[in-house]
>>> print(open('target.txt').read())   # compact mmCIF, C-alpha atoms
# COMPACT_ATOMS: atom_id res chain seq x y z
CA MET A 18 4.81 -7.26 6.65
CA GLY A 19 4.11 -7.81 10.34
CA LYS A 20 5.95 -6.18 13.24
CA GLY A 21 6.40 -9.13 15.56
CA ARG A 22 6.12 -8.93 19.33
CA ARG A 23 7.54 -6.41 21.73
CA MET A 24 10.82 -6.70 23.58
CA CYS A 25 11.46 -5.10 27.00
CA PHE A 26 14.34 -2.69 27.59
CA PHE A 27 16.23 -5.15 29.75
CA LEU A 28 16.18 -7.77 27.00
CA ALA A 29 17.41 -5.19 24.50
CA LEU A 30 20.39 -4.45 26.72
CA MET A 31 21.11 -8.15 27.11
CA LEU A 32 21.00 -8.61 23.35
CA ALA A 33 23.39 -5.74 22.77
CA ALA A 34 25.78 -7.22 25.33
CA GLY A 35 25.50 -10.61 23.66
CA CYS A 36 26.34 -9.13 20.27
CA LEU A 37 29.41 -7.43 21.62
CA LEU A 38 30.57 -10.67 23.21
CA ASN A 39 30.15 -12.35 19.83
CA GLY A 40 32.59 -9.89 18.26
CA CYS A 41 30.20 -7.41 16.60
CA ALA A 42 31.33 -3.92 15.68
CA ASP A 43 30.75 -1.31 18.36
CA ASP A 44 29.09 1.18 16.05
CA ILE A 45 28.14 1.16 12.41
CA GLY A 46 25.50 2.90 10.34
CA ALA A 47 24.42 2.93 6.73
CA ASP A 48 26.59 4.99 4.43
CA GLU A 49 25.39 8.55 3.92
CA ASP A 50 24.00 8.78 0.41
CA SER A 51 22.47 11.99 -0.89
CA LYS A 52 20.40 10.04 -3.42
CA GLY A 53 18.87 7.97 -0.67
CA TYR A 54 16.82 4.87 -0.32
CA GLY A 55 13.53 3.82 -1.89
CA VAL A 56 11.24 0.79 -1.56
CA PHE A 57 8.90 0.18 -4.51
CA ILE A 58 7.98 -3.48 -4.28
CA GLY A 59 4.40 -2.79 -5.36
CA ALA A 60 5.36 -0.88 -8.50
CA SER A 61 4.58 -2.40 -11.87
CA PRO A 62 7.53 -3.06 -14.20
CA GLU A 63 6.43 -0.07 -16.30
CA ALA A 64 6.40 2.22 -13.27
CA ALA A 65 9.66 0.82 -11.88
CA ALA A 66 11.39 1.69 -15.16
CA ARG A 67 11.01 5.37 -14.19
CA LEU A 68 13.06 5.03 -10.98
CA THR A 69 16.23 7.09 -11.15
CA GLY A 70 18.82 8.57 -8.85
CA TYR A 71 18.55 6.26 -5.84
CA GLY A 72 21.53 5.01 -3.88
CA LEU A 73 19.59 1.85 -3.08
CA VAL A 74 16.26 0.96 -4.64
CA VAL A 75 14.19 -2.10 -3.70
CA VAL A 76 11.83 -3.60 -6.28
CA ASP A 77 10.10 -6.94 -6.84
CA ALA A 78 12.14 -8.61 -9.59
CA ASP A 79 9.75 -11.55 -9.84
CA GLY A 80 7.84 -9.85 -12.64
CA MET A 81 10.84 -8.27 -14.32
CA ASP A 82 13.36 -9.27 -16.95
CA LYS A 83 17.10 -8.68 -17.23
CA ALA A 84 16.66 -5.70 -19.54
CA LEU A 85 14.63 -3.85 -16.91
CA VAL A 86 17.09 -4.72 -14.15
CA ASP A 87 19.92 -3.46 -16.36
CA LEU A 88 18.03 -0.20 -16.85
CA LEU A 89 17.49 0.15 -13.11
CA ARG A 90 21.15 -0.47 -12.43
CA ARG A 91 22.15 2.19 -14.97
CA ASN A 92 19.82 4.72 -13.38
CA ASN A 93 20.46 3.88 -9.70
CA ASP A 94 23.49 2.82 -7.70
CA GLN A 95 22.18 -0.49 -6.34
CA VAL A 96 19.09 -2.60 -7.02
CA TYR A 97 17.78 -5.09 -4.46
CA SER A 98 14.88 -7.47 -4.99
CA TYR A 99 12.11 -8.28 -2.58
CA LEU A 100 11.88 -11.95 -1.61
CA SER A 101 9.32 -13.19 0.90
CA ILE A 102 10.92 -16.03 2.83
CA GLY A 103 8.13 -16.54 5.37
CA SER A 104 4.90 -16.08 3.44
CA LEU A 105 3.24 -17.11 0.20
CA GLU A 106 1.06 -14.83 -1.93
CA GLU A 107 -1.70 -16.23 -4.07
CA PHE A 108 -0.76 -14.15 -7.12
CA ARG A 109 2.69 -15.77 -7.40
CA SER A 110 3.09 -18.29 -10.21
CA PHE A 111 4.49 -20.82 -7.73
CA TYR A 112 1.55 -20.54 -5.31
CA PRO A 113 -0.07 -23.86 -6.41
CA ALA A 114 3.15 -25.76 -5.75
CA PHE A 115 3.35 -24.64 -2.10
CA ARG A 116 -0.19 -23.80 -0.94
CA ASP A 117 -0.45 -27.10 0.97
CA GLN A 118 2.62 -26.09 3.02
CA THR A 119 1.09 -22.92 4.47
CA LEU A 120 0.44 -22.49 8.19
CA GLY A 121 -2.39 -19.97 8.26
CA PRO A 122 -3.68 -16.67 6.84
CA TYR A 123 -1.66 -13.47 7.15
CA GLU A 124 -3.72 -10.94 9.08
CA ASN A 125 -4.56 -7.74 7.18
CA TRP A 126 -3.13 -9.04 3.90
CA ASP A 127 -5.79 -10.85 1.88
CA GLY A 128 -4.46 -13.63 -0.31
CA GLU A 129 -1.26 -14.09 1.70
CA TRP A 130 -0.36 -17.04 3.92
CA TRP A 131 2.34 -17.84 6.46
CA MET A 132 4.72 -20.52 5.19
CA ASP A 133 6.21 -23.55 6.88
CA VAL A 134 9.82 -22.47 6.39
CA SER A 135 11.13 -25.81 7.69
CA GLY A 136 10.20 -27.51 4.41
CA LYS A 137 13.18 -28.39 2.22
CA ALA A 138 11.24 -27.81 -0.99
CA TRP A 139 10.44 -24.24 0.10
CA GLN A 140 14.03 -23.58 1.13
CA GLU A 141 15.31 -24.85 -2.22
CA HIS A 142 12.72 -22.78 -4.06
CA LEU A 143 13.94 -19.60 -2.36
CA VAL A 144 17.52 -20.33 -3.37
CA LYS A 145 16.42 -20.83 -6.97
CA GLN A 146 14.50 -17.56 -6.92
CA ALA A 147 17.56 -15.74 -5.57
CA GLU A 148 19.79 -17.39 -8.18
CA ARG A 149 17.42 -16.17 -10.90
CA TYR A 150 17.56 -12.62 -9.55
CA ASN A 151 21.34 -12.85 -9.36
CA SER A 152 21.52 -13.91 -13.00
CA MET A 153 19.37 -10.89 -13.90
CA GLY A 154 21.92 -8.57 -12.31
CA VAL A 155 20.16 -7.80 -9.02
CA ASP A 156 22.71 -6.58 -6.45
CA GLY A 157 21.12 -7.90 -3.26
CA LEU A 158 18.04 -9.25 -1.49
CA PHE A 159 15.36 -7.63 0.67
CA LEU A 160 14.04 -10.55 2.72
CA ASP A 161 10.58 -10.27 4.18
CA ASN A 162 8.35 -12.09 6.67
CA ALA A 163 10.84 -13.65 9.04
CA ASP A 164 8.02 -12.63 11.40
CA VAL A 165 6.69 -16.13 10.78
CA TYR A 166 8.71 -17.10 13.84
CA ALA A 167 6.79 -14.59 16.00
CA GLN A 168 3.54 -16.09 14.71
CA TYR A 169 4.69 -19.71 15.08
CA PRO A 170 7.53 -19.77 17.66
CA ARG A 171 8.51 -23.37 17.10
CA PRO A 172 12.07 -24.76 17.00
CA GLU A 173 11.63 -26.06 13.46
CA ILE A 174 10.50 -22.62 12.23
CA TYR A 175 13.51 -20.96 13.82
CA GLN A 176 15.91 -23.52 12.37
CA GLY A 177 14.22 -23.28 8.97
CA LEU A 178 14.78 -19.54 8.88
CA LEU A 179 18.42 -19.98 9.87
CA GLU A 180 18.91 -22.46 7.03
CA ILE A 181 17.31 -20.06 4.56
CA PHE A 182 19.56 -17.19 5.59
CA ARG A 183 22.67 -19.35 5.46
CA SER A 184 21.78 -20.86 2.09
CA LEU A 185 21.08 -17.47 0.55
CA HIS A 186 24.31 -16.08 2.02
CA ARG A 187 26.27 -18.72 0.11
CA LEU A 188 25.14 -17.07 -3.13
CA GLY A 189 27.25 -14.04 -2.23
CA MET A 190 24.38 -11.54 -2.43
CA PRO A 191 24.07 -8.93 0.34
CA MET A 192 20.86 -9.29 2.35
CA ILE A 193 18.62 -6.90 4.27
CA VAL A 194 15.92 -8.40 6.46
CA ASN A 195 12.66 -6.51 6.76
CA GLY A 196 11.14 -6.78 10.23
CA GLY A 197 11.40 -10.17 11.90
CA ASP A 198 12.65 -8.71 15.17
CA VAL A 199 11.71 -11.73 17.32
CA PHE A 200 13.76 -14.02 15.10
CA VAL A 201 16.56 -11.51 14.48
CA LYS A 202 17.22 -10.68 18.13
CA LYS A 203 17.52 -14.37 19.00
CA ALA A 204 19.64 -15.28 15.99
CA LEU A 205 22.08 -12.41 16.52
CA VAL A 206 23.02 -13.70 19.96
CA SER A 207 22.60 -17.45 19.55
CA ASP A 208 23.61 -18.13 15.95
CA GLY A 209 25.72 -15.26 14.59
CA LEU A 210 23.15 -13.93 12.15
CA GLN A 211 25.25 -10.77 11.82
CA GLN A 212 27.83 -12.85 9.95
CA VAL A 213 25.48 -13.41 7.00
CA LEU A 214 23.32 -10.28 7.09
CA GLN A 215 24.08 -6.78 5.82
CA GLY A 216 21.29 -4.83 7.44
CA VAL A 217 17.80 -4.57 8.89
CA ASN A 218 14.85 -2.60 7.58
CA GLN A 219 12.24 -1.71 10.17
CA GLU A 220 8.79 -0.51 9.27
CA SER A 221 6.62 1.92 11.23
CA VAL A 222 8.99 3.16 13.91
CA PHE A 223 7.49 6.66 13.83
CA THR A 224 4.27 6.05 11.91
CA SER A 225 1.35 3.66 12.23
CA ILE A 226 -1.07 1.98 9.85
CA ASN A 227 -4.82 1.63 10.30
CA PHE A 228 -5.57 -1.29 8.00
CA SER A 229 -9.32 -0.72 8.02
CA GLY A 230 -8.82 2.50 6.01
CA PRO A 231 -6.12 2.21 5.24
CA SER A 232 -4.98 5.40 6.88
CA PHE A 233 -1.81 6.52 8.62
CA GLY A 234 -0.94 8.08 11.95
CA VAL A 235 1.88 8.32 14.46
CA SER A 236 3.15 5.31 16.34
CA ASP A 237 2.37 4.53 19.93
CA PRO A 238 5.23 5.82 22.17
CA GLU A 239 5.81 2.34 23.58
CA ASP A 240 6.13 0.86 20.08
CA ARG A 241 8.47 3.66 19.04
CA ASP A 242 10.73 3.15 22.05
CA TYR A 243 10.80 -0.58 21.45
CA PHE A 244 11.84 -0.30 17.82
CA MET A 245 14.36 2.43 18.52
CA GLU A 246 16.00 0.14 21.06
CA TYR A 247 15.84 -2.75 18.62
CA VAL A 248 17.52 -0.95 15.71
CA GLU A 249 20.21 0.39 18.06
CA VAL A 250 20.97 -3.18 19.07
CA CYS A 251 21.17 -4.18 15.41
CA ARG A 252 23.57 -1.32 14.74
CA SER A 253 25.72 -2.41 17.69
CA CYS A 254 25.95 -5.80 15.96
CA GLY A 255 27.48 -4.24 12.86
CA LEU A 256 24.30 -4.07 10.77
CA SER A 257 23.19 -1.14 8.65
CA VAL A 258 19.76 0.19 9.56
CA TYR A 259 16.98 1.30 7.22
CA LEU A 260 13.57 2.68 8.18
CA LEU A 261 10.41 2.36 6.10
CA GLU A 262 7.63 4.72 7.16
CA TYR A 263 4.15 5.39 5.80
CA GLY A 264 2.10 8.54 5.29
CA ALA A 265 4.08 10.82 7.59
CA ASP A 266 2.86 14.41 7.93
CA ALA A 267 5.38 17.23 7.52
CA GLY A 268 6.30 17.40 11.18
CA THR A 269 6.73 13.65 11.57
CA GLU A 270 8.72 13.46 8.33
CA GLU A 271 11.16 16.05 9.60
CA GLU A 272 11.48 14.15 12.89
CA ILE A 273 12.20 10.90 11.01
CA ARG A 274 14.80 12.48 8.75
CA ARG A 275 16.52 14.25 11.65
CA TYR A 276 16.68 11.01 13.63
CA CYS A 277 18.15 9.12 10.67
CA ARG A 278 20.73 11.83 10.00
CA GLU A 279 21.84 11.73 13.63
CA LYS A 280 22.05 7.93 13.68
CA GLY A 281 23.50 7.38 10.21
CA PHE A 282 20.44 5.41 9.09
CA LEU A 283 18.68 5.55 5.74
CA CYS A 284 14.92 5.94 5.43
CA TYR A 285 12.13 5.90 2.89
CA ILE A 286 8.76 7.52 3.62
CA SER A 287 6.06 6.09 1.39
CA PRO A 288 2.72 7.78 0.69
CA SER A 289 1.31 4.37 -0.22
CA LEU A 290 0.83 1.19 1.79
CA GLU A 291 1.24 -0.75 -1.47
CA LEU A 292 4.71 0.80 -2.02
CA ASP A 293 3.81 1.56 -5.62
CA ALA A 294 4.12 5.36 -5.69
CA VAL A 295 6.83 6.21 -8.24
CA ASP A 296 7.54 9.92 -8.78
>>> encode(input="target.txt", output="structure tokens")
Amino acid sequence: MGKGRRMCFFLALMLAAGCLLNGCADDIGADEDSKGYGVFIGASPEAAARLTGYGLVVVDADGMDKALVDLLRRNNDQVYSYLSIGSLEEFRSFYPAFRDQTLGPYENWDGEWWMDVSGKAWQEHLVKQAERYNSMGVDGLFLDNADVYAQYPRPEIYQGLLEIFRSLHRLGMPMIVNGGDVFVKKALVSDGLQQVLQGVNQESVFTSINFSGPSFGVSDPEDRDYFMEYVEVCRSCGLSVYLLEYGADAGTEEEIRRYCREKGFLCYISPSLELDAVD
């Protein structure tokens, strides 16, 4: 789940101004929810069945059935499913059908490949996946890897992502985009992405990942400033904001939670890069 490239402060201000000119709300944050937010897309179905008490829980419904989704919905307020729109993983059952449409390997994630999102077959596949999750009772979608546009900044990749977002929006399921800042900042101003999107989830605002370990640390101040500016712009466009952090020590965790309380954001701090740690 890549971060995308950096954006300077001036561009952030321009984006915020553009959103306001396009009729975005002046200020909006995620609803305060004492039960919070959790992302468990690496959890097995057996482990996911133990999730209880979350306001919003994100799982990978691809390996689940309706009975498990029903259980999750009884035990949590809302259940969203992970859906990678910009990459293809080799363990997916549909990998053979699309492997010849990949663009290149995904750095730091073995067995994962960037997808050519301009392909109609891929776009239609994503809609079918979302329809299946909808029929299982999933409340919304957690869309990942729009960072493909940062990796391959081509007009057809940008337009392909727009088509995917618009097609999924027609299903009536709320959508949160994870990362994808290069695409998101352009689409908010140029193409009204805020009209089809509920929120943004940003990884590693306060924390950092050393993939050779893996191990965790604190983020570079420049990266932190960049992403703070970015999520503020998203909020100014009427989007809810969620943070996903990894391996924070006690001091950093308190800093993250204080920041989110002040801003009205929701956060999840995972001890695991695989997002499989269920209490």
>>> residues_near_point(input="target.txt", point="(20.7, -10.5, 14.3)", cutoff="9 Å", atoms="only C-alpha atoms", output="PyMOL selection string")
chain A and resi 36+198+200-212+214+216-217+250-251+254+256
>>> closest_residue(input="target.txt", among="A:Arg67, A:Lys52, A:Arg109, A:Arg275", to="Val86 (chain A)", atoms="all atoms listed in the file")
A:Arg67
>>> atom_distance(input="target.txt", atom1="CA of Thr69 (chain A)", atom2="CA of Leu283 (chain A)")
17.1 Å
>>> atom_distance(input="target.txt", atom1="CA of Tyr166 (chain A)", atom2="CA of Tyr150 (chain A)")
25.4 Å
>>> residues_around(input="target.txt", residues="Ser110 (chain A)", least_positions_apart="5", cutoff="12 Å", atoms="all atoms listed in the file", output="PDB file with C-alpha atoms, in the coordinates of the input")
ATOM      1  CA  ASP A  79       9.750 -11.550  -9.840  1.00  0.00           C
ATOM      2  CA  GLY A  80       7.840  -9.850 -12.640  1.00  0.00           C
ATOM      3  CA  LEU A 105       3.240 -17.110   0.200  1.00  0.00           C
ATOM      4  CA  PHE A 115       3.350 -24.640  -2.100  1.00  0.00           C
ATOM      5  CA  ARG A 116      -0.190 -23.800  -0.940  1.00  0.00           C
ATOM      6  CA  GLN A 146      14.500 -17.560  -6.920  1.00  0.00           C
TER       7      GLN A 146
END
>>> residues_around(input="target.txt", residues="Ile226 (chain A)", least_positions_apart="3", cutoff="12 Å", atoms="all atoms listed in the file", output="ChimeraX atom specification")
/A:18-20,125,220-223,229-237,262-265,287-291
